[in-house]
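A.B. asks: One structure, as structure tokens, below. Some questions next.
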Amino acid sequence: MSALDGKVVLLTGAGRGQGAAEARLCAAAGARVVLTDVREEEGRAVAAELGGQGLFLRHDVADPASWDSVVRATVEAFGTVSALVNNAALWHTAHVEEQSPEGFERLFRVNLLGPFLGIRAVAPVLRAAGGGSIVNISSTAGLVGIPGHAAYGSTKFGLRGLTRSAALDLGGDRIRVNSVHPGAIDTPMVADAVAGRDWSHLPLARMGRPEEVGELVLFLCSDASSYITGAEFTVDGGMTTA
């Protein structure tokens with residue numbers, strides 16, 4: 001149902017954590033995967049695991065020229081783009097009164113401007129290919145308010161809105177746009193902040209694994225989700241229902 005044979009997936013923030021898990025799962029399902037990140041050593045290592053199915057490119061998602069270069073290199077290497085996964089993100093917490101404008105802008109540029117630039121850069125290629133899929137990795141912080149997340153939550157709520165609007169703009173070209181909202185996922189980005197935390201208050205009473213997000217991303221990149229667009233998928237162990 002979720003085979004990606006013949007598809008080319010462009011995946012940002014793929015050097016570690018969720019992005020790396022998503023890249024491995026997509027490759028295992030038959031896709032050729034272009035992994036991008038600013039973490040060159042880690043990104044190249046993951047791409048090397050994938051052999052001829054993987055290609056690493058250094059990529060600043062907040063830079064329009066970097067997007068143009070990455071999309072061009074992807075088409076040169078693999079002929080097209082079938083799916084874009086906007087996974088790259090930064091995370092930090094601060095009380096709203098203690099959040100600096102500079103820190104807010106830094107999160108905005110990576111977490112929201114980056115996906116916007118990616119959609120703009122890849123849409124013409126997807127259109128020429130007859131359609132495709134864009135998956136934006138948001139967060140449960142984009143669904144509910146969380147203390148200390150004024151900056152991060154704003155970017156993830158914004159990504160939710162960008163997803164819905166882009167789905168309307170691009171649907172006529174058979175380009176589907178959906179968002180994924182992970183909760184507490186065991187990745188290096190949050191490891192220090194959640195070390196030793198008790199998750200028994202969640203319905204599933206544990207943190208999630210990156211692969212549990214990756215399986216959903218794989219589905220949304222595949223033709224098995226061909227009638228799904230503008231939708232929001234929560235992967236949070238029941239966090240937002242508890």
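Residues are referred to by chain and number: the chain letter is A, B, ... according to the order shown in the structure tokens, the number counts from 1 in that chain, and ligands are numbered separately from 1 in the order shown.
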Give the alpha helix (DSSP H) residues of stretch 16-206 of chain A, as assigned by DSSP on the backbone, as number ranges by chain.

C.D. replies: A: 17-28, 40-49, 64-78, 101-108, 114-128, 150-170, 191-194

A.B. asks: Applying 12 Å and only C-alpha atoms, which residues near A:Ala48 remain after dropping the ones on its own chain fewer than 4 positions away? List them as a list in words.

C.D. replies: Gly15, Ala20, Ala23, Arg24, Ala27, Val33, Val34, Leu35, Glu40, Glu41, Glu42, Gly43, Arg44, Gly52, Gln53, Gly54, Leu55 and Phe56 of chain A

A.B. asks: Just write the chosen residues, all heavy atoms, as a tab-separated table (two decimals), in the first residue's frame.

C.D. replies:
chain	number	residue	atom	x	y	z
A	15	GLY	N	19.66	14.77	8.83
A	15	GLY	CA	20.91	14.29	9.39
A	15	GLY	C	20.77	13.45	10.64
A	15	GLY	O	21.68	12.68	10.98
A	20	ALA	N	16.24	11.48	9.77
A	20	ALA	CA	17.03	10.31	9.41
A	20	ALA	C	16.15	9.06	9.35
A	20	ALA	O	16.28	8.23	8.44
A	20	ALA	CB	18.17	10.12	10.40
A	23	ALA	N	14.09	9.19	6.20
A	23	ALA	CA	14.91	8.88	5.03
A	23	ALA	C	15.12	7.38	4.88
A	23	ALA	O	14.99	6.82	3.78
A	23	ALA	CB	16.25	9.60	5.12
A	24	ARG	N	15.45	6.71	5.98
A	24	ARG	CA	15.68	5.26	5.92
A	24	ARG	C	14.42	4.51	5.52
A	24	ARG	O	14.46	3.57	4.71
A	24	ARG	CB	16.19	4.78	7.28
A	24	ARG	CG	17.56	5.31	7.67
A	24	ARG	CD	18.02	4.72	9.00
A	24	ARG	NE	19.31	5.26	9.39
A	24	ARG	CZ	19.49	6.14	10.38
A	24	ARG	NH1	18.44	6.57	11.09
A	24	ARG	NH2	20.69	6.58	10.68
A	27	ALA	N	13.62	5.08	1.78
A	27	ALA	CA	14.53	4.29	0.94
A	27	ALA	C	14.17	2.82	0.99
A	27	ALA	O	14.18	2.13	-0.04
A	27	ALA	CB	15.97	4.51	1.39
A	33	VAL	N	16.24	9.07	-2.24
A	33	VAL	CA	16.04	10.10	-1.23
A	33	VAL	C	17.18	11.12	-1.28
A	33	VAL	O	18.35	10.75	-1.20
A	33	VAL	CB	15.96	9.49	0.18
A	33	VAL	CG1	15.65	10.57	1.21
A	33	VAL	CG2	14.90	8.39	0.24
A	34	VAL	N	16.81	12.39	-1.39
A	34	VAL	CA	17.78	13.48	-1.27
A	34	VAL	C	17.65	14.03	0.14
A	34	VAL	O	16.61	14.56	0.52
A	34	VAL	CB	17.53	14.57	-2.31
A	34	VAL	CG1	18.49	15.74	-2.09
A	34	VAL	CG2	17.71	14.00	-3.72
A	35	LEU	N	18.70	13.85	0.92
A	35	LEU	CA	18.72	14.27	2.31
A	35	LEU	C	19.44	15.61	2.41
A	35	LEU	O	20.55	15.76	1.88
A	35	LEU	CB	19.46	13.26	3.18
A	35	LEU	CG	19.04	11.79	3.12
A	35	LEU	CD1	19.76	11.05	1.99
A	35	LEU	CD2	19.36	11.10	4.44
A	40	GLU	N	26.51	18.48	8.10
A	40	GLU	CA	27.05	17.77	6.95
A	40	GLU	C	27.54	16.36	7.29
A	40	GLU	O	27.23	15.40	6.58
A	40	GLU	CB	28.18	18.57	6.31
A	40	GLU	CG	27.72	19.87	5.66
A	40	GLU	CD	28.79	20.50	4.80
A	40	GLU	OE1	29.39	19.79	3.97
A	40	GLU	OE2	29.04	21.70	4.99
A	41	GLU	N	28.29	16.22	8.36
A	41	GLU	CA	28.86	14.92	8.69
A	41	GLU	C	27.76	13.89	8.95
A	41	GLU	O	27.80	12.76	8.44
A	41	GLU	CB	29.78	15.04	9.91
A	41	GLU	CG	30.51	13.74	10.26
A	41	GLU	CD	31.50	13.91	11.38
A	41	GLU	OE1	31.83	15.06	11.73
A	41	GLU	OE2	31.98	12.87	11.89
A	42	GLU	N	26.77	14.28	9.74
A	42	GLU	CA	25.68	13.36	10.05
A	42	GLU	C	24.83	13.06	8.82
A	42	GLU	O	24.44	11.92	8.57
A	42	GLU	CB	24.81	13.94	11.17
A	42	GLU	CG	25.52	13.99	12.51
A	42	GLU	CD	24.77	14.85	13.53
A	42	GLU	OE1	24.68	16.07	13.31
A	42	GLU	OE2	24.28	14.29	14.52
A	43	GLY	N	24.57	14.08	8.03
A	43	GLY	CA	23.77	13.89	6.82
A	43	GLY	C	24.44	12.97	5.82
A	43	GLY	O	23.80	12.09	5.22
A	44	ARG	N	25.73	13.16	5.63
A	44	ARG	CA	26.46	12.31	4.69
A	44	ARG	C	26.49	10.86	5.18
A	44	ARG	O	26.43	9.92	4.37
A	44	ARG	CB	27.88	12.83	4.48
A	44	ARG	CG	27.93	14.16	3.76
A	44	ARG	CD	29.35	14.59	3.43
A	44	ARG	NE	29.38	15.97	2.96
A	44	ARG	CZ	29.01	16.36	1.75
A	44	ARG	NH1	28.59	15.46	0.87
A	44	ARG	NH2	29.06	17.64	1.41
A	52	GLY	N	23.18	3.88	-3.38
A	52	GLY	CA	22.80	4.63	-4.56
A	52	GLY	C	21.44	5.28	-4.47
A	52	GLY	O	21.08	6.12	-5.31
A	53	GLN	N	20.67	4.91	-3.46
A	53	GLN	CA	19.34	5.52	-3.28
A	53	GLN	C	19.40	6.84	-2.53
A	53	GLN	O	18.39	7.55	-2.44
A	53	GLN	CB	18.42	4.58	-2.50
A	53	GLN	CG	17.96	3.36	-3.28
A	53	GLN	CD	17.09	2.47	-2.40
A	53	GLN	OE1	17.56	1.45	-1.90
A	53	GLN	NE2	15.84	2.87	-2.20
A	54	GLY	N	20.58	7.18	-1.98
A	54	GLY	CA	20.68	8.38	-1.17
A	54	GLY	C	21.65	9.40	-1.72
A	54	GLY	O	22.68	9.04	-2.31
A	55	LEU	N	21.33	10.66	-1.55
A	55	LEU	CA	22.21	11.77	-1.93
A	55	LEU	C	22.10	12.84	-0.86
A	55	LEU	O	20.98	13.26	-0.52
A	55	LEU	CB	21.80	12.34	-3.29
A	55	LEU	CG	22.50	13.65	-3.71
A	55	LEU	CD1	23.98	13.41	-3.96
A	55	LEU	CD2	21.82	14.24	-4.96
A	56	PHE	N	23.23	13.28	-0.31
A	56	PHE	CA	23.21	14.34	0.68
A	56	PHE	C	23.59	15.67	0.05
A	56	PHE	O	24.54	15.75	-0.73
A	56	PHE	CB	24.17	14.07	1.84
A	56	PHE	CG	24.26	15.25	2.79
A	56	PHE	CD1	23.25	15.49	3.71
A	56	PHE	CD2	25.32	16.14	2.72
A	56	PHE	CE1	23.30	16.59	4.55
A	56	PHE	CE2	25.38	17.24	3.57
A	56	PHE	CZ	24.37	17.47	4.48

A.B. asks: Using only C-alpha atoms, tabulate the residues of stretch 55-124 of chain A lying at most 12 Å from any atom of stretch 222-231 of chain A, each with its closest atom pair and that distance in Å to one decimal, by chain and increasing residue number, as a Markdown table.

C.D. replies:
| residue | atom | partner | partner_atom | distance |
| --- | --- | --- | --- | --- |
| A:Ser82 | CA | A:Ser222 | CA | 9.1 |
| A:Ala83 | CA | A:Ser222 | CA | 8.5 |
| A:Leu84 | CA | A:Ser222 | CA | 11.5 |

A.B. asks: Applying 8 Å and only C-alpha atoms, which residues near A:Phe157 remain after dropping the ones on its own chain fewer than 6 positions away? List them as an MDAnalysis selection string.

C.D. replies: chainID A and resid 138 141:143

A.B. asks: Show me, as a count of residues only, the residues that have an atom within 7 Å of A:Gly30 when counting only C-alpha atoms, minus same-chain residues fewer than 2 positions from it.

C.D. replies: 8

A.B. asks: DSSP on the backbone, then: every residue of stretch 11-230 of chain A marked strand (DSSP E or B), written as a PDB file with C-alpha atoms, in the first residue's frame.

C.D. replies:
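Result went into part.pdb, see below:
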ATOM      1  CA  LEU A  11      13.738  15.521   2.805  1.00  0.00           C
ATOM      2  CA  THR A  12      15.091  18.398   4.896  1.00  0.00           C
ATOM      3  CA  ARG A  32      15.499   7.573  -3.975  1.00  0.00           C
ATOM      4  CA  VAL A  33      16.042  10.105  -1.226  1.00  0.00           C
ATOM      5  CA  VAL A  34      17.779  13.476  -1.268  1.00  0.00           C
ATOM      6  CA  LEU A  35      18.724  14.270   2.315  1.00  0.00           C
ATOM      7  CA  THR A  36      19.481  17.879   3.220  1.00  0.00           C
ATOM      8  CA  ASP A  37      20.797  19.447   6.410  1.00  0.00           C
ATOM      9  CA  GLY A  54      20.676   8.383  -1.170  1.00  0.00           C
ATOM     10  CA  LEU A  55      22.211  11.766  -1.928  1.00  0.00           C
ATOM     11  CA  PHE A  56      23.212  14.342   0.679  1.00  0.00           C
ATOM     12  CA  LEU A  57      23.185  18.085  -0.015  1.00  0.00           C
ATOM     13  CA  ARG A  58      24.097  20.841   2.411  1.00  0.00           C
ATOM     14  CA  ALA A  83       7.579  14.410  -2.682  1.00  0.00           C
ATOM     15  CA  LEU A  84       8.936  17.120  -0.402  1.00  0.00           C
ATOM     16  CA  VAL A  85       9.133  16.565   3.354  1.00  0.00           C
ATOM     17  CA  ASN A  86       9.676  19.824   5.240  1.00  0.00           C
ATOM     18  CA  ALA A  94      11.136  30.524  26.824  1.00  0.00           C
ATOM     19  CA  GLY A 132       3.057  14.878  -5.981  1.00  0.00           C
ATOM     20  CA  SER A 133       3.062  15.261  -2.221  1.00  0.00           C
ATOM     21  CA  ILE A 134       4.285  17.856   0.253  1.00  0.00           C
ATOM     22  CA  VAL A 135       4.450  16.862   3.917  1.00  0.00           C
ATOM     23  CA  ASN A 136       5.022  19.588   6.513  1.00  0.00           C
ATOM     24  CA  ILE A 137       6.228  18.415   9.912  1.00  0.00           C
ATOM     25  CA  HIS A 149       6.353  27.875  23.464  1.00  0.00           C
ATOM     26  CA  ILE A 175      -0.150  18.401  -5.559  1.00  0.00           C
ATOM     27  CA  ARG A 176      -1.244  17.285  -2.105  1.00  0.00           C
ATOM     28  CA  VAL A 177      -0.156  19.165   1.022  1.00  0.00           C
ATOM     29  CA  ASN A 178      -0.605  17.723   4.513  1.00  0.00           C
ATOM     30  CA  SER A 179       0.803  18.337   7.975  1.00  0.00           C
ATOM     31  CA  VAL A 180       2.054  15.915  10.615  1.00  0.00           C
ATOM     32  CA  HIS A 181       1.948  16.896  14.299  1.00  0.00           C
ATOM     33  CA  PRO A 182       4.308  14.826  16.464  1.00  0.00           C
ATOM     34  CA  ILE A 185       9.307  11.937  20.165  1.00  0.00           C
ATOM     35  CA  GLY A 208       7.156   8.043  20.567  1.00  0.00           C
TER      36      GLY A 208
END

A.B. asks: Restricting the calculation to only C-alpha atoms, which member of A:Ala21, A:Leu10, A:Ala45, A:Val194 is positioned closest to A:Gly214?

C.D. replies: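 Among A:Ala21, A:Leu10, A:Ala45, A:Val194, it is A:Ala21 that comes nearest to A:Gly214.
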
A.B. asks: Please provide the set of residues having any atom within 7 Å of A:Leu202, restricted to only C-alpha atoms, with same-chain residues fewer than 3 positions apart removed, written as an MDAnalysis selection string.

C.D. replies: chainID A and resid 199 205:206 237:239 242

A.B. asks: Here is a test: counting only C-alpha atoms, which residue of A:His95, A:Gly114, A:Lys156, A:Arg164 is nearest to A:Val144?

C.D. replies: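 Result for the nearest residue to A:Val144: A:Lys156.
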
A.B. asks: If you count only C-alpha atoms, which residues fall within 9 Å of A:Leu162, apart from same-chain ones fewer than 5 positions away, as JSON, numbers by chain?

C.D. replies: {"A": [112, 115, 116, 157, 167]}

A.B. asks: Between A:Ala184, A:Ala77, A:Met189, A:Leu220, which has the minimum distance to A:Ala89 (counting only C-alpha atoms)?

C.D. replies: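 Looking only at the distances to A:Ala89, the closest residue turns out to be A:Met189.
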
A.B. asks: Considering only C-alpha atoms, can you say which of A:Pro188, A:Tyr152, A:Ser139, A:Ala123 comes closest to A:Asp173?

C.D. replies: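 Going through A:Pro188, A:Tyr152, A:Ser139, A:Ala123 one by one, the smallest distance to A:Asp173 is for A:Ala123.
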
A.B. asks: One number please: atom CA of A:Pro147 to atom CA of A:Thr163, in Å, one decimal.

C.D. replies: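 One can read the atom CA of A:Pro147 to atom CA of A:Thr163 distance as 24.0 Å.
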
A.B. asks: What gap, in Å, lies between atom CA of A:Leu90 and atom CA of A:Glu102?

C.D. replies: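 Between these atoms lies a distance of 13.4 Å.
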
A.B. asks: Which is closer to A:Pro64 than all the others in A:Gly118, A:Thr93, A:Gln99, A:Glu49, using only C-alpha atoms?

C.D. replies: A:Gly118

A.B. asks: Write out as a list in words which residues come within 8 Å of A:Val70 when counting only C-alpha atoms, dropping same-chain ones fewer than 4 positions away.

C.D. replies: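 The contact residues come out as Leu57, His59, Ser66 and Thr74 of chain A.
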
A.B. asks: Measuring between only C-alpha atoms, which one of A:Gly145, A:Thr140, A:Val61, A:Gly161 shows the shortest distance to A:Asp236?

C.D. replies: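 Closest candidate: A:Thr140.
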